[in-house]
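Text of the file entry.txt, holding compact mmCIF, C-alpha atoms:
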# COMPACT_ATOMS: atom_id res chain seq x y z
CA MET A 1 -30.16 -196.02 -12.45
CA LEU A 2 -31.19 -192.75 -14.09
CA ALA A 3 -29.76 -192.14 -17.58
CA ARG A 4 -26.63 -190.00 -17.66
CA ASN A 5 -28.18 -187.40 -19.97
CA LEU A 6 -31.00 -186.78 -17.48
CA ILE A 7 -28.59 -186.52 -14.58
CA ALA A 8 -26.50 -184.06 -16.60
CA ARG A 9 -29.60 -182.02 -17.45
CA ILE A 10 -30.60 -181.80 -13.78
CA HIS A 11 -27.14 -180.59 -12.85
CA ILE A 12 -27.16 -178.03 -15.68
CA GLU A 13 -30.60 -176.77 -14.63
CA ALA A 14 -29.49 -176.47 -11.02
CA ASN A 15 -26.29 -174.70 -12.03
CA ASN A 16 -28.05 -172.25 -14.35
CA SER A 17 -30.76 -171.49 -11.81
CA GLY A 18 -28.23 -170.29 -9.25
CA LEU A 19 -29.27 -172.85 -6.61
CA LYS A 20 -26.75 -173.31 -3.84
CA LYS A 21 -25.54 -176.86 -3.23
CA GLU A 22 -27.38 -177.19 0.09
CA ASP A 23 -30.60 -175.80 -1.42
CA TYR A 24 -30.31 -178.24 -4.32
CA HIS A 25 -30.06 -181.21 -1.96
CA LYS A 26 -32.99 -179.92 0.09
CA LEU A 27 -35.03 -179.70 -3.11
CA LEU A 28 -34.11 -183.28 -4.06
CA PHE A 29 -35.24 -184.53 -0.67
CA ARG A 30 -38.41 -182.43 -0.66
CA VAL A 31 -39.53 -183.40 -4.17
CA ALA A 32 -38.38 -187.01 -4.41
CA ASN A 33 -37.16 -188.01 -0.93
CA VAL A 34 -33.68 -188.84 -2.27
CA GLU A 35 -30.21 -187.48 -1.54
CA SER A 36 -28.71 -187.83 -5.01
CA SER A 37 -29.96 -187.41 -8.58
CA THR A 38 -28.70 -190.92 -9.36
CA GLN A 39 -31.49 -192.29 -7.12
CA LEU A 40 -34.28 -190.65 -9.15
CA SER A 41 -36.68 -192.38 -11.49
CA GLU A 42 -37.44 -190.70 -14.83
CA ARG A 43 -40.76 -189.38 -13.49
CA GLN A 44 -39.05 -188.00 -10.40
CA ALA A 45 -36.37 -186.42 -12.60
CA ASP A 46 -39.05 -184.49 -14.52
CA ALA A 47 -40.56 -183.34 -11.22
CA VAL A 48 -37.16 -182.20 -9.94
CA ILE A 49 -36.43 -180.25 -13.14
CA SER A 50 -39.82 -178.54 -12.89
CA ALA A 51 -39.15 -177.69 -9.23
CA ILE A 52 -35.73 -176.24 -10.07
CA LYS A 53 -37.26 -174.04 -12.78
CA SER A 54 -39.98 -172.95 -10.36
CA GLU A 55 -37.39 -171.98 -7.78
CA ALA A 56 -35.46 -170.03 -10.42
CA GLU A 57 -38.57 -168.06 -11.39
CA LYS A 58 -38.88 -166.78 -7.81
CA ARG A 59 -35.50 -165.09 -8.01
CA ASN A 60 -35.20 -161.62 -9.51
CA GLY A 61 -32.08 -160.80 -11.44
CA TRP A 62 -29.67 -163.16 -13.12
CA LYS A 63 -27.03 -164.86 -11.02
CA PRO A 64 -23.32 -164.11 -11.63
CA ARG A 65 -22.78 -167.52 -13.22
CA GLN A 66 -25.70 -166.86 -15.60
CA CYS A 67 -24.23 -163.50 -16.64
CA GLN A 68 -20.88 -165.21 -17.13
CA LEU A 69 -22.37 -167.88 -19.40
CA TRP A 70 -24.38 -165.23 -21.28
CA ARG A 71 -21.18 -163.32 -22.02
CA LYS A 72 -19.39 -166.55 -22.98
CA TYR A 73 -22.09 -167.29 -25.57
CA LEU A 74 -21.87 -163.72 -26.87
CA LYS A 75 -18.14 -164.14 -27.38
CA MET A 76 -18.58 -167.47 -29.17
CA ALA A 77 -21.12 -165.81 -31.49
CA GLY A 78 -18.69 -162.98 -32.22
CA MET A 79 -20.90 -160.40 -30.49
CA ASN A 80 -19.69 -157.65 -28.19
CA GLU A 81 -21.59 -156.59 -25.08
CA GLN A 82 -23.24 -153.68 -26.89
CA ALA A 83 -24.73 -156.04 -29.47
CA GLY A 84 -25.75 -158.40 -26.68
CA GLY A 85 -27.42 -155.55 -24.80
CA GLU A 86 -29.36 -154.51 -27.90
CA LEU A 87 -30.55 -158.08 -28.40
CA LEU A 88 -31.52 -158.29 -24.73
CA TYR A 89 -33.44 -155.02 -25.01
CA LYS A 90 -35.49 -156.36 -27.93
CA ILE A 91 -36.53 -159.31 -25.76
CA THR A 92 -37.03 -157.72 -22.35
CA GLY A 93 -36.79 -153.94 -22.57
CA TYR A 94 -33.57 -153.97 -20.49
CA MET A 95 -30.03 -153.68 -21.87
CA SER A 96 -27.98 -154.88 -18.90
CA PRO A 97 -27.80 -158.54 -17.82
CA GLU A 98 -27.34 -157.21 -14.27
CA SER A 99 -30.81 -155.60 -14.25
CA PRO A 100 -32.69 -156.75 -11.12
CA GLU A 101 -35.92 -156.89 -13.15
CA LEU A 102 -34.77 -159.82 -15.27
CA VAL A 103 -36.05 -163.32 -14.48
CA GLN A 104 -35.23 -166.86 -15.58
CA THR A 105 -37.61 -166.76 -18.54
CA ASP A 106 -35.74 -163.72 -19.89
CA TYR A 107 -32.47 -165.59 -19.53
CA ASP A 108 -33.74 -168.65 -21.35
CA GLN A 109 -35.12 -166.60 -24.24
CA SER A 110 -31.95 -164.53 -24.51
CA MET A 111 -29.80 -167.65 -24.67
CA VAL A 112 -32.09 -169.07 -27.37
CA GLU A 113 -31.58 -165.94 -29.49
CA ILE A 114 -27.79 -165.92 -29.05
CA GLU A 115 -27.69 -169.63 -29.85
CA SER A 116 -29.51 -168.95 -33.13
CA VAL A 117 -27.06 -166.18 -34.03
CA LEU A 118 -24.15 -168.48 -33.18
CA GLU A 119 -25.43 -171.26 -35.42
CA ASP A 120 -26.06 -168.86 -38.33
CA ARG A 121 -22.55 -167.42 -38.05
CA ILE A 122 -20.98 -170.87 -37.90
CA GLU A 123 -22.85 -171.87 -41.08
CA SER A 124 -21.67 -168.71 -42.85
CA ALA A 125 -18.08 -169.28 -41.60
CA GLN A 126 -18.06 -165.99 -39.67
CA VAL A 127 -17.06 -167.76 -36.44
CA ALA A 128 -15.50 -171.12 -35.64
CA MET A 129 -17.40 -174.08 -34.29
CA PRO A 130 -16.88 -174.07 -30.48
CA GLY A 131 -15.88 -177.31 -28.84
CA ASP A 132 -18.11 -179.22 -26.42
CA VAL A 133 -21.17 -177.03 -27.05
CA ASP A 134 -24.64 -178.30 -27.93
CA LEU A 135 -25.78 -175.70 -30.46
CA ARG A 136 -29.44 -176.46 -29.83
CA PHE A 137 -29.40 -176.93 -26.05
CA TRP A 138 -31.36 -173.78 -25.20
CA ARG A 139 -33.79 -174.15 -28.10
CA SER A 140 -34.48 -177.76 -27.15
CA ARG A 141 -34.94 -176.70 -23.53
CA ASN A 142 -37.23 -173.80 -24.39
CA PRO A 143 -39.00 -174.38 -27.72
CA ARG A 144 -40.52 -171.14 -29.06
CA ASN A 145 -44.29 -170.97 -29.05
CA GLY A 146 -44.50 -167.54 -30.62
CA THR A 147 -45.92 -165.78 -27.56
CA ALA A 148 -45.34 -162.08 -27.03
CA ASN A 149 -42.25 -161.19 -25.01
CA ARG A 150 -42.20 -158.96 -21.94
CA ARG A 151 -41.22 -155.85 -23.89
CA GLU A 152 -44.21 -156.21 -26.25
CA VAL A 153 -46.59 -156.80 -23.33
CA ARG A 154 -45.15 -153.76 -21.54
CA LYS A 155 -45.59 -151.62 -24.67
CA ILE A 156 -49.26 -152.62 -24.95
CA LYS A 157 -49.85 -151.66 -21.33
CA GLU A 158 -48.06 -148.32 -21.75
CA LEU A 159 -50.17 -147.46 -24.80
CA TRP A 160 -53.28 -148.60 -22.96
CA ASP A 161 -52.50 -146.29 -20.05
CA GLU A 162 -52.14 -143.42 -22.53
CA LEU A 163 -55.42 -144.29 -24.25
CA CYS A 164 -57.24 -144.38 -20.91
CA GLY A 165 -56.65 -140.62 -20.70
CA TYR A 166 -59.14 -140.22 -23.55
CA LEU A 167 -61.72 -142.83 -22.49
CA GLU A 168 -64.78 -142.53 -20.29
CA PRO A 169 -64.10 -143.77 -16.72
CA CYS A 170 -66.44 -146.73 -17.26
CA ASN A 171 -64.18 -147.96 -20.09
CA GLN A 172 -60.89 -147.62 -18.24
CA ASN A 173 -60.62 -151.29 -17.26
CA LEU A 174 -58.96 -154.51 -18.42
CA ASP A 175 -62.20 -155.92 -19.81
CA TYR A 176 -62.29 -153.04 -22.28
CA LEU A 177 -58.64 -153.63 -23.21
CA PHE A 178 -59.22 -157.35 -23.71
CA GLY A 179 -62.26 -156.56 -25.82
CA PHE A 180 -60.22 -154.08 -27.84
CA CYS A 181 -57.62 -156.79 -28.50
CA ALA A 182 -60.26 -159.34 -29.46
CA HIS A 183 -61.93 -156.87 -31.86
CA THR A 184 -58.58 -155.90 -33.41
CA LEU A 185 -57.57 -159.53 -33.92
CA ARG A 186 -61.10 -160.77 -34.76
CA LEU A 187 -60.98 -163.36 -32.01
CA ASN A 188 -64.05 -165.28 -30.90
CA ARG A 189 -63.20 -164.63 -27.26
CA ALA A 190 -61.14 -162.11 -25.35
CA LYS A 191 -57.89 -163.21 -23.73
CA PRO A 192 -55.27 -161.58 -21.48
CA VAL A 193 -52.50 -159.58 -23.10
CA GLU A 194 -49.91 -162.03 -21.74
CA GLU A 195 -51.49 -164.82 -23.82
CA LEU A 196 -51.20 -163.00 -27.15
CA LYS A 197 -48.96 -164.41 -29.85
CA GLU A 198 -46.05 -162.32 -31.07
CA LEU A 199 -47.77 -161.24 -34.31
CA GLU A 200 -51.00 -160.54 -32.44
CA ALA A 201 -49.15 -158.28 -30.02
CA HIS A 202 -47.70 -156.24 -32.87
CA LYS A 203 -51.15 -155.80 -34.41
CA VAL A 204 -52.57 -154.64 -31.07
CA ILE A 205 -49.70 -152.18 -30.61
CA GLU A 206 -50.35 -150.63 -34.01
CA ALA A 207 -54.10 -150.52 -33.37
CA LEU A 208 -53.57 -148.76 -30.03
CA LYS A 209 -51.29 -146.20 -31.68
CA GLN A 210 -53.91 -145.51 -34.34
CA ARG A 211 -56.68 -145.18 -31.76
CA ILE A 212 -54.61 -142.74 -29.69
CA ALA A 213 -53.87 -140.69 -32.82
CA GLN A 214 -57.60 -140.61 -33.62
CA GLU A 215 -58.46 -139.46 -30.10
CA LYS A 216 -55.81 -136.72 -30.25
CA LYS A 217 -57.12 -135.53 -33.62
CA LYS A 218 -60.69 -135.57 -32.36
CA LEU A 219 -59.70 -133.54 -29.30
CA SER A 220 -57.83 -130.97 -31.39
CA THR A 221 -60.85 -130.35 -33.65
CA GLU A 222 -63.36 -129.95 -30.85
CA VAL A 223 -64.39 -126.35 -30.19
CA PRO A 224 -64.99 -125.61 -26.49
CA PHE A 225 -68.02 -123.50 -25.57
Before anything else, please render the file you have as structure tokens.
Amino acid sequence: MLARNLIARIHIEANNSGLKKEDYHKLLFRVANVESSTQLSERQADAVISAIKSEAEKRNGWKPRQCQLWRKYLKMAGMNEQAGGELLYKITGYMSPESPELVQTDYDQSMVEIESVLEDRIESAQVAMPGDVDLRFWRSRNPRNGTANRREVRKIKELWDELCGYLEPCNQNLDYLFGFCAHTLRLNRAKPVEELKELEAHKVIEALKQRIAQEKKKLSTEVPF
């Protein structure tokens, strides 16, 4: 029989993903040919969890139960919705948990950040220790790898679009942008913006701003004939 902690994790994943009960059972049967999570092997359990996450990624917008849990964690951390919205904006570029643009990855990362705030405030005695809460559940579920978040990637693309207004048509392509990033970061090979680390993304953003400023200055000093 599958360990209780794995069964509990599957149920939590299914609940957080917004899967309906009938869809959950269809997924179990499709992935592992079983009708209950208690019939899974450990390998099948991993496959089911991956399938649940994959299904969640296809859905745009957080589900009502996700928004409810998000607000519950905010309250436990002693944060109001304004503070939660500001934190969410830093991660995704959106302030409302009801934004249809948000996806599961955004939810996971937001919960990780609130969880960190909660733990810090418990240690400093600003808030009480909540009962029956695993303070590292979301961080254990989604360990940080330091990659750039969606807001940073979006900012790079916005600055790139602005810079393209000053470039020759032959340079207005992603290969040029990737090369720009590689040159800025002194990388041996170019890589997509989405694969940049957080610190790398910030360096690219600053480099793009400087390049745009240079192009504007150059344009202002040119004398038309």
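Ranking A:Glu98, A:Glu86, A:Glu113, A:Glu162 by their shortest atom-to-atom distance to Arg211 (chain A), with only C-alpha atoms included, puts A:Glu162 first.
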*For Gln126 (chain A), work out the shell of residues within 12 Å, counting all atoms listed in the file and skipping chain neighbours fewer than 5 positions away, then give it as a ChimeraX atom specification.*
/A:76-79,117-121
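The spacing separating CA of Lys90 (chain A) from CA of Ile10 (chain A) amounts to 29.5 Å.
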*Pull the neighbourhood of (-37.4, -189.3, -10.9) for me: all residues within 12 Å in file coordinates, counting all atoms listed in the file, as an NGL selection string.*
:A and (1-3 or 6-7 or 10 or 28-29 or 31-51)
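Residue nearest Ile156 (chain A) within the list A:Glu206, A:Glu115, A:Glu168, A:Asp132: A:Glu206 [criterion: smallest interatomic distance, only C-alpha atoms].
If you look at CA of Leu187 (chain A) and CA of Arg154 (chain A), they are 21.3 Å away from each other.
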*In Å, with one decimal, what is the gap from CA of Arg189 (chain A) to CA of Leu174 (chain A)?*
14.1 Å
Reconstruct N, CA and C atoms of region 56-91 of chain A from the incomplete input and present them as a JSON list (two decimals), in the coordinates of the input.
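part-v5.json, written as the output of this step:
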[["chain", "number", "residue", "atom", "x", "y", "z"],
["A", 56, "ALA", "N", -36.18, -171.07, -9.68],
["A", 56, "ALA", "CA", -35.46, -170.03, -10.42],
["A", 56, "ALA", "C", -36.36, -168.85, -10.73],
["A", 57, "GLU", "N", -37.63, -169.13, -11.04],
["A", 57, "GLU", "CA", -38.57, -168.06, -11.39],
["A", 57, "GLU", "C", -38.83, -167.12, -10.22],
["A", 58, "LYS", "N", -38.63, -167.61, -8.99],
["A", 58, "LYS", "CA", -38.88, -166.78, -7.81],
["A", 58, "LYS", "C", -37.77, -165.77, -7.58],
["A", 59, "ARG", "N", -36.65, -165.97, -8.22],
["A", 59, "ARG", "CA", -35.50, -165.09, -8.01],
["A", 59, "ARG", "C", -35.50, -163.97, -9.04],
["A", 60, "ASN", "N", -35.33, -162.74, -8.60],
["A", 60, "ASN", "CA", -35.20, -161.62, -9.51],
["A", 60, "ASN", "C", -33.73, -161.36, -9.80],
["A", 61, "GLY", "N", -33.46, -161.06, -11.05],
["A", 61, "GLY", "CA", -32.08, -160.80, -11.44],
["A", 61, "GLY", "C", -31.35, -162.08, -11.79],
["A", 62, "TRP", "N", -30.47, -162.01, -12.76],
["A", 62, "TRP", "CA", -29.67, -163.16, -13.12],
["A", 62, "TRP", "C", -28.52, -163.33, -12.14],
["A", 63, "LYS", "N", -28.14, -164.56, -11.91],
["A", 63, "LYS", "CA", -27.03, -164.86, -11.02],
["A", 63, "LYS", "C", -25.70, -164.61, -11.75],
["A", 64, "PRO", "N", -24.62, -164.37, -11.00],
["A", 64, "PRO", "CA", -23.32, -164.11, -11.63],
["A", 64, "PRO", "C", -22.91, -165.18, -12.63],
["A", 65, "ARG", "N", -23.18, -166.44, -12.31],
["A", 65, "ARG", "CA", -22.78, -167.52, -13.22],
["A", 65, "ARG", "C", -23.61, -167.48, -14.51],
["A", 66, "GLN", "N", -24.88, -167.00, -14.40],
["A", 66, "GLN", "CA", -25.70, -166.86, -15.60],
["A", 66, "GLN", "C", -25.16, -165.74, -16.49],
["A", 67, "CYS", "N", -24.81, -164.62, -15.88],
["A", 67, "CYS", "CA", -24.23, -163.50, -16.64],
["A", 67, "CYS", "C", -22.93, -163.93, -17.29],
["A", 68, "GLN", "N", -22.15, -164.73, -16.59],
["A", 68, "GLN", "CA", -20.88, -165.21, -17.13],
["A", 68, "GLN", "C", -21.10, -166.09, -18.35],
["A", 69, "LEU", "N", -22.08, -167.00, -18.27],
["A", 69, "LEU", "CA", -22.37, -167.88, -19.40],
["A", 69, "LEU", "C", -22.95, -167.08, -20.56],
["A", 70, "TRP", "N", -23.80, -166.10, -20.25],
["A", 70, "TRP", "CA", -24.38, -165.23, -21.28],
["A", 70, "TRP", "C", -23.28, -164.54, -22.07],
["A", 71, "ARG", "N", -22.30, -164.00, -21.36],
["A", 71, "ARG", "CA", -21.18, -163.32, -22.02],
["A", 71, "ARG", "C", -20.30, -164.31, -22.79],
["A", 72, "LYS", "N", -20.17, -165.52, -22.28],
["A", 72, "LYS", "CA", -19.39, -166.55, -22.98],
["A", 72, "LYS", "C", -20.05, -166.87, -24.32],
["A", 73, "TYR", "N", -21.38, -167.00, -24.33],
["A", 73, "TYR", "CA", -22.09, -167.29, -25.57],
["A", 73, "TYR", "C", -21.99, -166.11, -26.54],
["A", 74, "LEU", "N", -22.05, -164.89, -26.02],
["A", 74, "LEU", "CA", -21.87, -163.72, -26.87],
["A", 74, "LEU", "C", -20.52, -163.78, -27.58],
["A", 75, "LYS", "N", -19.49, -164.08, -26.82],
["A", 75, "LYS", "CA", -18.14, -164.14, -27.38],
["A", 75, "LYS", "C", -18.03, -165.22, -28.44],
["A", 76, "MET", "N", -18.62, -166.39, -28.18],
["A", 76, "MET", "CA", -18.58, -167.47, -29.17],
["A", 76, "MET", "C", -19.28, -167.07, -30.45],
["A", 77, "ALA", "N", -20.36, -166.24, -30.32],
["A", 77, "ALA", "CA", -21.12, -165.81, -31.49],
["A", 77, "ALA", "C", -20.49, -164.59, -32.17],
["A", 78, "GLY", "N", -19.35, -164.13, -31.63],
["A", 78, "GLY", "CA", -18.69, -162.98, -32.22],
["A", 78, "GLY", "C", -19.41, -161.67, -31.96],
["A", 79, "MET", "N", -20.14, -161.60, -30.84],
["A", 79, "MET", "CA", -20.90, -160.40, -30.49],
["A", 79, "MET", "C", -20.25, -159.71, -29.29],
["A", 80, "ASN", "N", -20.18, -158.38, -29.35],
["A", 80, "ASN", "CA", -19.69, -157.65, -28.19],
["A", 80, "ASN", "C", -20.85, -157.38, -27.23],
["A", 81, "GLU", "N", -20.55, -156.78, -26.09],
["A", 81, "GLU", "CA", -21.59, -156.59, -25.08],
["A", 81, "GLU", "C", -22.65, -155.59, -25.54],
["A", 82, "GLN", "N", -22.27, -154.63, -26.37],
["A", 82, "GLN", "CA", -23.24, -153.68, -26.89],
["A", 82, "GLN", "C", -24.28, -154.39, -27.74],
["A", 83, "ALA", "N", -23.81, -155.27, -28.62],
["A", 83, "ALA", "CA", -24.73, -156.04, -29.47],
["A", 83, "ALA", "C", -25.60, -156.95, -28.61],
["A", 84, "GLY", "N", -24.99, -157.54, -27.58],
["A", 84, "GLY", "CA", -25.75, -158.40, -26.68],
["A", 84, "GLY", "C", -26.81, -157.62, -25.93],
["A", 85, "GLY", "N", -26.45, -156.40, -25.50],
["A", 85, "GLY", "CA", -27.42, -155.55, -24.80],
["A", 85, "GLY", "C", -28.58, -155.15, -25.69],
["A", 86, "GLU", "N", -28.29, -154.87, -26.96],
["A", 86, "GLU", "CA", -29.36, -154.51, -27.90],
["A", 86, "GLU", "C", -30.30, -155.69, -28.14],
["A", 87, "LEU", "N", -29.72, -156.89, -28.24],
["A", 87, "LEU", "CA", -30.55, -158.08, -28.40],
["A", 87, "LEU", "C", -31.41, -158.30, -27.16],
["A", 88, "LEU", "N", -30.79, -158.12, -25.99],
["A", 88, "LEU", "CA", -31.52, -158.29, -24.73],
["A", 88, "LEU", "C", -32.66, -157.29, -24.62],
["A", 89, "TYR", "N", -32.41, -156.07, -25.07],
["A", 89, "TYR", "CA", -33.44, -155.02, -25.01],
["A", 89, "TYR", "C", -34.64, -155.38, -25.88],
["A", 90, "LYS", "N", -34.39, -155.97, -27.05],
["A", 90, "LYS", "CA", -35.49, -156.36, -27.93],
["A", 90, "LYS", "C", -36.39, -157.41, -27.27],
["A", 91, "ILE", "N", -35.78, -158.23, -26.41],
["A", 91, "ILE", "CA", -36.53, -159.31, -25.76],
["A", 91, "ILE", "C", -37.23, -158.84, -24.50]]
